[in-house]
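A.B. asks: Contents are mmCIF, N, CA and C atoms; file name final36.cif:
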```cif
data_input
#
loop_
_atom_site.label_atom_id
_atom_site.label_comp_id
_atom_site.auth_asym_id
_atom_site.auth_seq_id
_atom_site.Cartn_x
_atom_site.Cartn_y
_atom_site.Cartn_z
N MET A 972 -55.99 20.99 102.18
CA MET A 972 -55.40 22.28 102.47
C MET A 972 -54.30 22.15 103.51
N GLU A 973 -54.50 21.20 104.42
CA GLU A 973 -53.49 21.00 105.45
C GLU A 973 -52.17 20.56 104.84
N ARG A 974 -52.21 19.65 103.85
CA ARG A 974 -50.97 19.21 103.21
C ARG A 974 -50.27 20.37 102.52
N ILE A 975 -51.02 21.24 101.87
CA ILE A 975 -50.40 22.39 101.20
C ILE A 975 -49.72 23.27 102.24
N ARG A 976 -50.42 23.56 103.32
CA ARG A 976 -49.82 24.40 104.37
C ARG A 976 -48.58 23.76 104.98
N ASN A 977 -48.59 22.42 105.12
CA ASN A 977 -47.48 21.73 105.77
C ASN A 977 -46.35 21.30 104.83
N GLU A 978 -46.67 21.00 103.57
CA GLU A 978 -45.67 20.42 102.67
C GLU A 978 -45.17 21.37 101.59
N PHE A 979 -45.96 22.36 101.24
CA PHE A 979 -45.55 23.28 100.17
C PHE A 979 -44.48 24.22 100.73
N PRO A 980 -43.26 24.18 100.16
CA PRO A 980 -42.15 24.94 100.72
C PRO A 980 -42.38 26.46 100.78
N ARG A 981 -43.25 26.97 99.94
CA ARG A 981 -43.47 28.41 99.92
C ARG A 981 -44.87 28.77 100.44
N ALA A 982 -45.35 28.01 101.39
CA ALA A 982 -46.69 28.26 101.95
C ALA A 982 -46.81 29.68 102.51
N LYS A 983 -45.71 30.24 102.96
CA LYS A 983 -45.74 31.61 103.49
C LYS A 983 -46.12 32.64 102.42
N ASP A 984 -45.96 32.28 101.15
CA ASP A 984 -46.30 33.19 100.05
C ASP A 984 -47.77 33.14 99.68
N LEU A 985 -48.51 32.14 100.19
CA LEU A 985 -49.94 32.02 99.86
C LEU A 985 -50.72 33.18 100.45
N THR A 986 -51.57 33.78 99.63
CA THR A 986 -52.44 34.85 100.11
C THR A 986 -53.89 34.39 100.16
N MET A 987 -54.20 33.30 99.46
CA MET A 987 -55.54 32.72 99.49
C MET A 987 -55.44 31.24 99.16
N LEU A 988 -56.19 30.43 99.86
CA LEU A 988 -56.23 29.00 99.62
C LEU A 988 -57.63 28.53 99.97
N GLY A 989 -58.35 28.01 98.99
CA GLY A 989 -59.71 27.58 99.25
C GLY A 989 -60.28 26.77 98.11
N GLY A 990 -61.58 26.60 98.11
CA GLY A 990 -62.24 25.85 97.06
C GLY A 990 -63.72 26.14 97.07
N HIS A 991 -64.37 25.77 95.99
CA HIS A 991 -65.82 25.95 95.91
C HIS A 991 -66.43 24.88 95.02
N SER A 992 -67.68 24.59 95.27
CA SER A 992 -68.43 23.63 94.47
C SER A 992 -69.01 24.37 93.27
N SER A 993 -68.78 23.84 92.09
CA SER A 993 -69.29 24.51 90.90
C SER A 993 -70.38 23.72 90.19
N HIS A 994 -70.27 22.40 90.17
CA HIS A 994 -71.23 21.54 89.49
C HIS A 994 -71.55 20.36 90.41
N SER A 995 -72.80 20.12 90.63
CA SER A 995 -73.19 18.97 91.48
C SER A 995 -74.04 18.00 90.67
N TYR A 996 -73.79 16.72 90.89
CA TYR A 996 -74.48 15.65 90.18
C TYR A 996 -74.94 14.61 91.19
N ILE A 997 -75.68 13.63 90.74
CA ILE A 997 -76.12 12.54 91.61
C ILE A 997 -74.92 11.80 92.19
N ASN A 998 -73.87 11.64 91.38
CA ASN A 998 -72.72 10.85 91.83
C ASN A 998 -71.60 11.70 92.42
N GLY A 999 -71.80 13.00 92.61
CA GLY A 999 -70.76 13.78 93.25
C GLY A 999 -70.78 15.25 92.85
N THR A 1000 -69.83 15.96 93.38
CA THR A 1000 -69.71 17.40 93.16
C THR A 1000 -68.35 17.72 92.58
N ASN A 1001 -68.30 18.64 91.66
CA ASN A 1001 -67.03 19.11 91.12
C ASN A 1001 -66.53 20.27 91.98
N MET A 1002 -65.34 20.09 92.52
CA MET A 1002 -64.74 21.13 93.35
C MET A 1002 -63.64 21.84 92.56
N TYR A 1003 -63.63 23.13 92.65
CA TYR A 1003 -62.53 23.92 92.10
C TYR A 1003 -61.69 24.41 93.27
N PHE A 1004 -60.41 24.14 93.23
CA PHE A 1004 -59.51 24.63 94.27
C PHE A 1004 -58.83 25.89 93.75
N VAL A 1005 -58.84 26.89 94.56
CA VAL A 1005 -58.28 28.18 94.13
C VAL A 1005 -57.20 28.61 95.12
N TYR A 1006 -56.21 29.28 94.59
CA TYR A 1006 -55.13 29.78 95.42
C TYR A 1006 -54.48 30.97 94.73
N ASN A 1007 -54.02 31.86 95.52
CA ASN A 1007 -53.22 33.00 95.05
C ASN A 1007 -51.99 33.06 95.92
N TYR A 1008 -50.96 33.68 95.39
CA TYR A 1008 -49.72 33.77 96.14
C TYR A 1008 -48.92 34.97 95.67
N ASN A 1009 -48.06 35.44 96.54
CA ASN A 1009 -47.08 36.45 96.15
C ASN A 1009 -45.97 35.72 95.41
N ILE A 1010 -45.62 36.20 94.25
CA ILE A 1010 -44.61 35.53 93.42
C ILE A 1010 -43.24 36.07 93.79
N ASN A 1011 -42.42 35.19 94.35
CA ASN A 1011 -41.06 35.54 94.74
C ASN A 1011 -40.07 34.69 93.96
N CYS A 1012 -40.17 34.81 92.63
CA CYS A 1012 -39.25 34.10 91.75
C CYS A 1012 -39.33 34.77 90.38
N GLU A 1013 -38.52 34.32 89.47
CA GLU A 1013 -38.57 34.82 88.10
C GLU A 1013 -39.86 34.32 87.46
N PRO A 1014 -40.46 35.12 86.56
CA PRO A 1014 -41.74 34.70 85.94
C PRO A 1014 -41.68 33.33 85.28
N GLU A 1015 -40.58 33.01 84.64
CA GLU A 1015 -40.49 31.73 83.94
C GLU A 1015 -40.38 30.54 84.91
N ASP A 1016 -40.14 30.81 86.19
CA ASP A 1016 -40.04 29.74 87.19
C ASP A 1016 -41.33 29.53 87.98
N GLU A 1017 -42.32 30.39 87.78
CA GLU A 1017 -43.54 30.33 88.59
C GLU A 1017 -44.22 28.98 88.53
N MET A 1018 -44.35 28.41 87.35
CA MET A 1018 -45.08 27.14 87.21
C MET A 1018 -44.41 26.03 88.03
N LYS A 1019 -43.09 25.92 87.97
CA LYS A 1019 -42.43 24.82 88.68
C LYS A 1019 -42.28 25.10 90.18
N ILE A 1020 -42.21 26.35 90.57
CA ILE A 1020 -42.01 26.68 91.98
C ILE A 1020 -43.33 26.78 92.74
N TYR A 1021 -44.37 27.32 92.10
CA TYR A 1021 -45.64 27.52 92.78
C TYR A 1021 -46.75 26.58 92.28
N HIS A 1022 -47.11 26.73 91.03
CA HIS A 1022 -48.30 26.04 90.52
C HIS A 1022 -48.19 24.51 90.60
N HIS A 1023 -47.14 23.94 90.07
CA HIS A 1023 -47.04 22.48 90.02
C HIS A 1023 -47.02 21.83 91.40
N PRO A 1024 -46.24 22.30 92.35
CA PRO A 1024 -46.26 21.66 93.67
C PRO A 1024 -47.63 21.71 94.34
N ILE A 1025 -48.35 22.82 94.18
CA ILE A 1025 -49.69 22.93 94.77
C ILE A 1025 -50.64 21.97 94.05
N GLN A 1026 -50.61 21.98 92.72
CA GLN A 1026 -51.47 21.08 91.94
C GLN A 1026 -51.18 19.63 92.26
N ALA A 1027 -49.91 19.28 92.45
CA ALA A 1027 -49.55 17.90 92.75
C ALA A 1027 -50.25 17.43 94.02
N ILE A 1028 -50.24 18.25 95.05
CA ILE A 1028 -50.89 17.88 96.31
C ILE A 1028 -52.40 17.75 96.11
N ILE A 1029 -52.99 18.70 95.40
CA ILE A 1029 -54.44 18.67 95.16
C ILE A 1029 -54.84 17.41 94.39
N VAL A 1030 -54.10 17.11 93.32
CA VAL A 1030 -54.43 15.93 92.50
C VAL A 1030 -54.21 14.64 93.28
N GLU A 1031 -53.10 14.54 93.99
CA GLU A 1031 -52.83 13.33 94.78
C GLU A 1031 -53.94 13.08 95.79
N GLU A 1032 -54.36 14.11 96.51
CA GLU A 1032 -55.43 13.95 97.50
C GLU A 1032 -56.75 13.60 96.83
N THR A 1033 -57.04 14.23 95.71
CA THR A 1033 -58.29 13.96 94.99
C THR A 1033 -58.35 12.50 94.54
N LEU A 1034 -57.27 12.02 93.92
CA LEU A 1034 -57.24 10.63 93.44
C LEU A 1034 -57.28 9.65 94.61
N LYS A 1035 -56.60 9.97 95.70
CA LYS A 1035 -56.59 9.11 96.88
C LYS A 1035 -58.00 8.92 97.44
N LEU A 1036 -58.83 9.95 97.31
CA LEU A 1036 -60.20 9.90 97.84
C LEU A 1036 -61.22 9.43 96.80
N GLY A 1037 -60.72 8.97 95.62
CA GLY A 1037 -61.61 8.42 94.60
C GLY A 1037 -62.20 9.46 93.66
N GLY A 1038 -61.68 10.66 93.69
CA GLY A 1038 -62.17 11.71 92.81
C GLY A 1038 -61.46 11.71 91.47
N SER A 1039 -61.86 12.63 90.62
CA SER A 1039 -61.26 12.80 89.30
C SER A 1039 -60.48 14.10 89.29
N MET A 1040 -59.32 14.08 88.66
CA MET A 1040 -58.48 15.27 88.66
C MET A 1040 -58.97 16.33 87.68
N CYS A 1041 -59.87 15.97 86.79
CA CYS A 1041 -60.35 16.96 85.84
C CYS A 1041 -61.83 16.71 85.56
N HIS A 1042 -62.49 17.76 85.25
CA HIS A 1042 -63.92 17.70 84.97
C HIS A 1042 -64.06 17.91 83.47
N HIS A 1043 -64.75 18.90 83.05
CA HIS A 1043 -64.96 19.12 81.62
C HIS A 1043 -63.81 19.87 80.95
N HIS A 1044 -62.78 20.23 81.70
CA HIS A 1044 -61.66 20.95 81.11
C HIS A 1044 -60.60 20.01 80.53
N GLY A 1045 -60.66 18.76 80.83
CA GLY A 1045 -59.70 17.81 80.28
C GLY A 1045 -58.44 17.70 81.13
N ILE A 1046 -57.55 16.83 80.72
CA ILE A 1046 -56.35 16.52 81.48
C ILE A 1046 -55.36 17.68 81.42
N GLY A 1047 -54.96 18.05 80.22
CA GLY A 1047 -54.02 19.15 80.07
C GLY A 1047 -52.61 18.79 80.49
N LYS A 1048 -51.66 19.61 80.08
CA LYS A 1048 -50.26 19.30 80.33
C LYS A 1048 -49.83 19.44 81.78
N TYR A 1049 -50.63 20.10 82.61
CA TYR A 1049 -50.24 20.27 84.00
C TYR A 1049 -50.70 19.13 84.89
N ARG A 1050 -51.53 18.23 84.38
CA ARG A 1050 -51.99 17.08 85.16
C ARG A 1050 -51.68 15.76 84.46
N ASN A 1051 -51.00 15.80 83.33
CA ASN A 1051 -50.82 14.58 82.54
C ASN A 1051 -50.01 13.49 83.24
N GLU A 1052 -49.20 13.84 84.20
CA GLU A 1052 -48.40 12.81 84.87
C GLU A 1052 -49.26 11.88 85.74
N TRP A 1053 -50.52 12.25 85.99
CA TRP A 1053 -51.42 11.43 86.79
C TRP A 1053 -52.48 10.73 85.95
N THR A 1054 -52.42 10.82 84.63
CA THR A 1054 -53.43 10.21 83.75
C THR A 1054 -53.56 8.72 84.01
N LYS A 1055 -52.45 8.03 84.06
CA LYS A 1055 -52.48 6.57 84.25
C LYS A 1055 -53.08 6.22 85.61
N GLU A 1056 -52.71 6.96 86.65
CA GLU A 1056 -53.24 6.69 87.99
C GLU A 1056 -54.76 6.92 88.03
N GLU A 1057 -55.22 7.98 87.38
CA GLU A 1057 -56.66 8.26 87.41
C GLU A 1057 -57.46 7.21 86.64
N HIS A 1058 -57.00 6.85 85.46
CA HIS A 1058 -57.79 5.96 84.61
C HIS A 1058 -57.49 4.48 84.84
N GLN A 1059 -56.47 4.18 85.57
CA GLN A 1059 -56.10 2.83 86.01
C GLN A 1059 -56.27 1.79 84.91
N SER A 1060 -57.17 0.82 85.08
CA SER A 1060 -57.27 -0.30 84.13
C SER A 1060 -57.80 0.13 82.77
N ALA A 1061 -58.39 1.32 82.66
CA ALA A 1061 -58.88 1.80 81.37
C ALA A 1061 -57.79 2.54 80.59
N TYR A 1062 -56.66 2.77 81.23
CA TYR A 1062 -55.60 3.55 80.58
C TYR A 1062 -55.12 2.91 79.28
N TYR A 1063 -55.01 1.57 79.28
CA TYR A 1063 -54.53 0.90 78.07
C TYR A 1063 -55.46 1.17 76.88
N MET A 1064 -56.76 1.34 77.14
CA MET A 1064 -57.70 1.65 76.05
C MET A 1064 -57.42 3.06 75.51
N LEU A 1065 -57.17 3.99 76.40
CA LEU A 1065 -56.86 5.36 75.96
C LEU A 1065 -55.56 5.37 75.15
N GLU A 1066 -54.57 4.63 75.62
CA GLU A 1066 -53.31 4.53 74.88
C GLU A 1066 -53.53 3.92 73.50
N SER A 1067 -54.34 2.86 73.44
CA SER A 1067 -54.62 2.19 72.16
C SER A 1067 -55.35 3.12 71.20
N LEU A 1068 -56.33 3.86 71.70
CA LEU A 1068 -57.04 4.83 70.85
C LEU A 1068 -56.09 5.90 70.32
N LYS A 1069 -55.21 6.38 71.18
CA LYS A 1069 -54.24 7.39 70.77
C LYS A 1069 -53.35 6.84 69.66
N GLU A 1070 -52.89 5.59 69.80
CA GLU A 1070 -52.03 4.98 68.79
C GLU A 1070 -52.76 4.80 67.46
N VAL A 1071 -54.04 4.41 67.50
CA VAL A 1071 -54.81 4.19 66.28
C VAL A 1071 -55.08 5.51 65.56
N PHE A 1072 -55.53 6.50 66.30
CA PHE A 1072 -55.92 7.77 65.67
C PHE A 1072 -54.75 8.73 65.47
N ASP A 1073 -53.63 8.47 66.12
CA ASP A 1073 -52.48 9.36 66.01
C ASP A 1073 -51.19 8.53 65.98
N PRO A 1074 -51.01 7.71 64.93
CA PRO A 1074 -49.87 6.80 64.89
C PRO A 1074 -48.51 7.50 64.89
N LYS A 1075 -48.46 8.74 64.44
CA LYS A 1075 -47.19 9.48 64.43
C LYS A 1075 -46.97 10.27 65.71
N GLY A 1076 -47.95 10.27 66.59
CA GLY A 1076 -47.81 10.94 67.87
C GLY A 1076 -47.66 12.45 67.78
N ILE A 1077 -48.36 13.07 66.84
CA ILE A 1077 -48.20 14.51 66.63
C ILE A 1077 -49.35 15.36 67.17
N MET A 1078 -50.48 14.71 67.50
CA MET A 1078 -51.62 15.49 67.98
C MET A 1078 -51.54 15.69 69.49
N ASN A 1079 -51.68 16.91 69.92
CA ASN A 1079 -51.67 17.24 71.35
C ASN A 1079 -50.47 16.64 72.07
N LEU A 1080 -49.31 16.81 71.48
CA LEU A 1080 -48.07 16.29 72.04
C LEU A 1080 -47.86 16.83 73.45
N GLY A 1081 -47.73 15.94 74.42
CA GLY A 1081 -47.50 16.33 75.80
C GLY A 1081 -48.75 16.72 76.56
N ILE A 1082 -49.93 16.52 75.98
CA ILE A 1082 -51.17 16.89 76.68
C ILE A 1082 -51.76 15.69 77.40
N PHE A 1083 -51.98 14.61 76.70
CA PHE A 1083 -52.58 13.41 77.30
C PHE A 1083 -51.59 12.69 78.21
N THR A 1084 -50.38 12.56 77.75
CA THR A 1084 -49.31 11.97 78.54
C THR A 1084 -48.12 12.92 78.48
N PRO A 1085 -47.21 12.85 79.44
CA PRO A 1085 -46.07 13.76 79.42
C PRO A 1085 -45.25 13.62 78.14
N TYR A 1086 -44.70 14.72 77.67
CA TYR A 1086 -43.83 14.73 76.49
C TYR A 1086 -42.61 13.89 76.79
N LYS A 1087 -42.28 12.97 75.91
CA LYS A 1087 -41.14 12.09 76.12
C LYS A 1087 -40.00 12.51 75.23
N LYS A 1088 -38.84 12.72 75.82
CA LYS A 1088 -37.66 13.05 75.03
C LYS A 1088 -37.34 11.85 74.15
N GLY A 1089 -36.80 12.12 72.98
CA GLY A 1089 -36.46 11.05 72.07
C GLY A 1089 -37.54 10.76 71.06
N LEU A 1090 -38.71 11.39 71.20
CA LEU A 1090 -39.74 11.22 70.19
C LEU A 1090 -39.25 11.85 68.90
N ASN A 1091 -39.78 11.39 67.79
CA ASN A 1091 -39.41 11.97 66.51
C ASN A 1091 -39.96 13.39 66.46
N THR A 1092 -39.08 14.36 66.59
CA THR A 1092 -39.51 15.76 66.60
C THR A 1092 -39.03 16.50 65.36
N LYS A 1093 -38.79 15.75 64.30
CA LYS A 1093 -38.40 16.39 63.04
C LYS A 1093 -39.51 17.35 62.62
N ASN A 1094 -39.15 18.51 62.14
CA ASN A 1094 -40.08 19.56 61.73
C ASN A 1094 -40.85 20.17 62.90
N ARG A 1095 -40.40 19.96 64.11
CA ARG A 1095 -41.03 20.60 65.27
C ARG A 1095 -39.97 21.35 66.05
N THR A 1096 -40.38 22.34 66.75
CA THR A 1096 -39.47 23.06 67.63
C THR A 1096 -40.23 23.44 68.89
N ILE A 1097 -39.52 23.66 69.95
CA ILE A 1097 -40.14 24.14 71.17
C ILE A 1097 -40.00 25.65 71.17
N PHE A 1098 -41.10 26.34 71.35
CA PHE A 1098 -41.03 27.80 71.41
C PHE A 1098 -41.75 28.26 72.66
N HIS A 1099 -41.51 29.49 73.03
CA HIS A 1099 -42.12 30.04 74.24
C HIS A 1099 -43.30 30.90 73.86
N LEU A 1100 -44.40 30.69 74.56
CA LEU A 1100 -45.61 31.48 74.35
C LEU A 1100 -45.83 32.30 75.61
N ARG A 1101 -45.90 33.60 75.46
CA ARG A 1101 -46.16 34.47 76.60
C ARG A 1101 -47.53 35.10 76.41
N THR A 1102 -48.31 35.09 77.44
CA THR A 1102 -49.56 35.82 77.42
C THR A 1102 -49.57 36.73 78.62
N ARG A 1103 -50.48 37.67 78.62
CA ARG A 1103 -50.54 38.64 79.70
C ARG A 1103 -50.85 37.97 81.04
N ASP A 1104 -51.68 36.91 81.02
CA ASP A 1104 -52.15 36.31 82.26
C ASP A 1104 -51.42 35.05 82.68
N ARG A 1105 -50.53 34.56 81.86
CA ARG A 1105 -49.85 33.31 82.19
C ARG A 1105 -48.35 33.50 82.16
N PRO A 1106 -47.64 32.75 83.00
CA PRO A 1106 -46.19 32.81 82.93
C PRO A 1106 -45.70 32.10 81.67
N GLN A 1107 -44.43 32.17 81.42
CA GLN A 1107 -43.85 31.55 80.24
C GLN A 1107 -44.08 30.05 80.27
N MET A 1108 -44.51 29.49 79.15
CA MET A 1108 -44.78 28.06 79.06
C MET A 1108 -44.16 27.52 77.78
N ASN A 1109 -43.72 26.27 77.81
CA ASN A 1109 -43.22 25.62 76.61
C ASN A 1109 -44.38 25.03 75.83
N ARG A 1110 -44.36 25.20 74.54
CA ARG A 1110 -45.36 24.59 73.65
C ARG A 1110 -44.59 23.93 72.52
N ILE A 1111 -45.20 22.95 71.90
CA ILE A 1111 -44.61 22.30 70.73
C ILE A 1111 -45.32 22.88 69.51
N GLY A 1112 -44.58 23.30 68.52
CA GLY A 1112 -45.18 23.86 67.32
C GLY A 1112 -44.54 23.32 66.06
N ARG A 1113 -45.23 23.43 64.98
CA ARG A 1113 -44.72 22.99 63.68
C ARG A 1113 -43.83 24.08 63.11
N VAL A 1114 -42.80 23.69 62.44
CA VAL A 1114 -41.92 24.64 61.77
C VAL A 1114 -42.25 24.60 60.29
N LYS A 1115 -42.55 25.76 59.74
CA LYS A 1115 -42.84 25.81 58.30
C LYS A 1115 -41.53 25.80 57.54
N LYS A 1116 -41.52 25.05 56.44
CA LYS A 1116 -40.31 24.97 55.61
C LYS A 1116 -40.32 26.05 54.58
#
```
Any chance you could give the structure as structure tokens?
C.D. replies:
Amino acid sequence: MERIRNEFPRAKDLTMLGGHSSHSYINGTNMYFVYNYNINCEPEDEMKIYHHPIQAIIVEETLKLGGSMCHHHGIGKYRNEWTKEEHQSAYYMLESLKEVFDPKGIMNLGIFTPYKKGLNTKNRTIFHLRTRDRPQMNRIGRVKK
């Protein structure tokens, strides 16, 4: 929390910053970090201005202390840039499994690892999905012919 207060450029916008234990096991406890903030930007910029910088600090600190960045919710597109760091020497196995089961790289594009420009995106387009509770996000979807 100290890093967020000291390093997050918009710390003054935070209205709540905390965490709680949700699942405890013999080998550790799953912590959920929660935060709220006043949004002082365009809705489509919220993820890059608020969410990602806060998540980056949380994930970096978690991995530095030997924790896991995700529990039963999976990696997801907001934590995929740290997949290799978290799984370290096992990462090559995950990459190999992905290549075997998804040789065309079309399943969960940008979820396990960051979306790479230059991938064969024929018959795909990026569209915007808006929901009531989430800011604008990019998703990859199939285009029907």
A.B. asks: By how many Å are CA of Leu985 (chain A) and CA of His1043 (chain A) apart?
C.D. replies: 26.9 Å
A.B. asks: May I ask which of the residues A:Leu1068, A:Ile1077, A:Ile1029, A:Met1002 is the closest one to His1042 (chain A), counting only C-alpha atoms?
C.D. replies: A:Met1002
A.B. asks: On this structure, which residues satisfy the PyMOL selection byres (((chain A and resi 1057 and name CA) around 12) and name CA), written as number ranges by chain?
C.D. replies: A: 1030-1041, 1046, 1050-1056, 1058-1062, 1065
A.B. asks: Could you tell me how far atom N of Tyr1006 (chain A) lies from atom N of Met972 (chain A), in Å and to one decimal?
C.D. replies: 11.2 Å
A.B. asks: Could you tell me, as a ChimeraX atom specification, exactly which residues end up selected when the PyMOL selection byres ((chain A and resi 987) around 7) is applied to this structure?
C.D. replies: /A:984-986,988-989,1005-1008
A.B. asks: To one decimal in Å, tell me the separation between CA of Ser993 (chain A) and CA of Gly1047 (chain A).
C.D. replies: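 If I compute the distance from CA of Ser993 (chain A) to CA of Gly1047 (chain A), I get 19.5 Å.
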A.B. asks: Find the spatial neighbours of His1022 (chain A), counting only C-alpha atoms, within a cut-off of 10 Å - ignore same-chain residues fewer than 3 positions away - and output them as a ChimeraX atom specification.
C.D. replies: /A:1006-1008,1016-1019,1025-1027,1049
A.B. asks: What residues come out when you apply the PyMOL selection byres (((chain A and resi 992 and name CA) around 10) and name CA) to this file, written as a list of chain:residue names?
C.D. replies: A:Gly990, A:His991, A:Ser993, A:His994, A:Ser995, A:Thr1000, A:Asn1001, A:Met1002, A:Tyr1003, A:Phe1004
A.B. asks: Report the residues of region 973-1081 of chain A whose backbone DSSP state falls under helix (DSSP H, G or I), written as a ChimeraX atom specification.
C.D. replies: /A:973-978,982-984,1014-1035,1051-1072
A.B. asks: When you count only C-alpha atoms, which of these residues is closest to Phe1083 (chain A): A:Ala982, A:Ile997, A:Val1071, A:Lys1048?
C.D. replies: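 Ranked by minimum distance to Phe1083 (chain A), first place goes to A:Lys1048.
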A.B. asks: Could N, CA, C and O atoms be built for region 1018-1032 of chain A and written out as a PDB file, in the coordinates of the input?
C.D. replies:
```pdb
ATOM      1  N   MET A1018     -44.350  28.410  87.350  1.00  0.00           N
ATOM      2  CA  MET A1018     -45.080  27.140  87.210  1.00  0.00           C
ATOM      3  C   MET A1018     -44.410  26.030  88.030  1.00  0.00           C
ATOM      4  O   MET A1018     -45.097  25.269  88.725  1.00  0.00           O
ATOM      5  N   LYS A1019     -43.090  25.920  87.970  1.00  0.00           N
ATOM      6  CA  LYS A1019     -42.430  24.820  88.680  1.00  0.00           C
ATOM      7  C   LYS A1019     -42.280  25.100  90.180  1.00  0.00           C
ATOM      8  O   LYS A1019     -42.258  24.171  90.981  1.00  0.00           O
ATOM      9  N   ILE A1020     -42.210  26.350  90.570  1.00  0.00           N
ATOM     10  CA  ILE A1020     -42.010  26.680  91.980  1.00  0.00           C
ATOM     11  C   ILE A1020     -43.330  26.780  92.740  1.00  0.00           C
ATOM     12  O   ILE A1020     -43.421  26.364  93.891  1.00  0.00           O
ATOM     13  N   TYR A1021     -44.370  27.320  92.100  1.00  0.00           N
ATOM     14  CA  TYR A1021     -45.640  27.520  92.780  1.00  0.00           C
ATOM     15  C   TYR A1021     -46.750  26.580  92.280  1.00  0.00           C
ATOM     16  O   TYR A1021     -47.265  25.761  93.035  1.00  0.00           O
ATOM     17  N   HIS A1022     -47.110  26.730  91.030  1.00  0.00           N
ATOM     18  CA  HIS A1022     -48.300  26.040  90.520  1.00  0.00           C
ATOM     19  C   HIS A1022     -48.190  24.510  90.600  1.00  0.00           C
ATOM     20  O   HIS A1022     -49.087  23.853  91.121  1.00  0.00           O
ATOM     21  N   HIS A1023     -47.140  23.940  90.070  1.00  0.00           N
ATOM     22  CA  HIS A1023     -47.040  22.480  90.020  1.00  0.00           C
ATOM     23  C   HIS A1023     -47.020  21.830  91.400  1.00  0.00           C
ATOM     24  O   HIS A1023     -47.737  20.846  91.628  1.00  0.00           O
ATOM     25  N   PRO A1024     -46.240  22.300  92.350  1.00  0.00           N
ATOM     26  CA  PRO A1024     -46.260  21.660  93.670  1.00  0.00           C
ATOM     27  C   PRO A1024     -47.630  21.710  94.340  1.00  0.00           C
ATOM     28  O   PRO A1024     -48.041  20.746  94.990  1.00  0.00           O
ATOM     29  N   ILE A1025     -48.350  22.820  94.180  1.00  0.00           N
ATOM     30  CA  ILE A1025     -49.690  22.930  94.770  1.00  0.00           C
ATOM     31  C   ILE A1025     -50.640  21.970  94.050  1.00  0.00           C
ATOM     32  O   ILE A1025     -51.393  21.227  94.681  1.00  0.00           O
ATOM     33  N   GLN A1026     -50.610  21.980  92.720  1.00  0.00           N
ATOM     34  CA  GLN A1026     -51.470  21.080  91.940  1.00  0.00           C
ATOM     35  C   GLN A1026     -51.180  19.630  92.260  1.00  0.00           C
ATOM     36  O   GLN A1026     -52.100  18.807  92.321  1.00  0.00           O
ATOM     37  N   ALA A1027     -49.910  19.280  92.450  1.00  0.00           N
ATOM     38  CA  ALA A1027     -49.550  17.900  92.750  1.00  0.00           C
ATOM     39  C   ALA A1027     -50.250  17.430  94.020  1.00  0.00           C
ATOM     40  O   ALA A1027     -50.825  16.326  94.061  1.00  0.00           O
ATOM     41  N   ILE A1028     -50.240  18.250  95.050  1.00  0.00           N
ATOM     42  CA  ILE A1028     -50.890  17.880  96.310  1.00  0.00           C
ATOM     43  C   ILE A1028     -52.400  17.750  96.110  1.00  0.00           C
ATOM     44  O   ILE A1028     -53.024  16.790  96.572  1.00  0.00           O
ATOM     45  N   ILE A1029     -52.990  18.700  95.400  1.00  0.00           N
ATOM     46  CA  ILE A1029     -54.440  18.670  95.160  1.00  0.00           C
ATOM     47  C   ILE A1029     -54.840  17.410  94.390  1.00  0.00           C
ATOM     48  O   ILE A1029     -55.777  16.708  94.759  1.00  0.00           O
ATOM     49  N   VAL A1030     -54.100  17.110  93.320  1.00  0.00           N
ATOM     50  CA  VAL A1030     -54.430  15.930  92.500  1.00  0.00           C
ATOM     51  C   VAL A1030     -54.210  14.640  93.280  1.00  0.00           C
ATOM     52  O   VAL A1030     -55.044  13.737  93.251  1.00  0.00           O
ATOM     53  N   GLU A1031     -53.100  14.540  93.990  1.00  0.00           N
ATOM     54  CA  GLU A1031     -52.830  13.330  94.780  1.00  0.00           C
ATOM     55  C   GLU A1031     -53.940  13.080  95.790  1.00  0.00           C
ATOM     56  O   GLU A1031     -54.413  11.948  95.946  1.00  0.00           O
ATOM     57  N   GLU A1032     -54.360  14.110  96.510  1.00  0.00           N
ATOM     58  CA  GLU A1032     -55.430  13.950  97.500  1.00  0.00           C
ATOM     59  C   GLU A1032     -56.750  13.600  96.830  1.00  0.00           C
ATOM     60  O   GLU A1032     -57.507  12.774  97.339  1.00  0.00           O
TER      61      GLU A1032
END
```
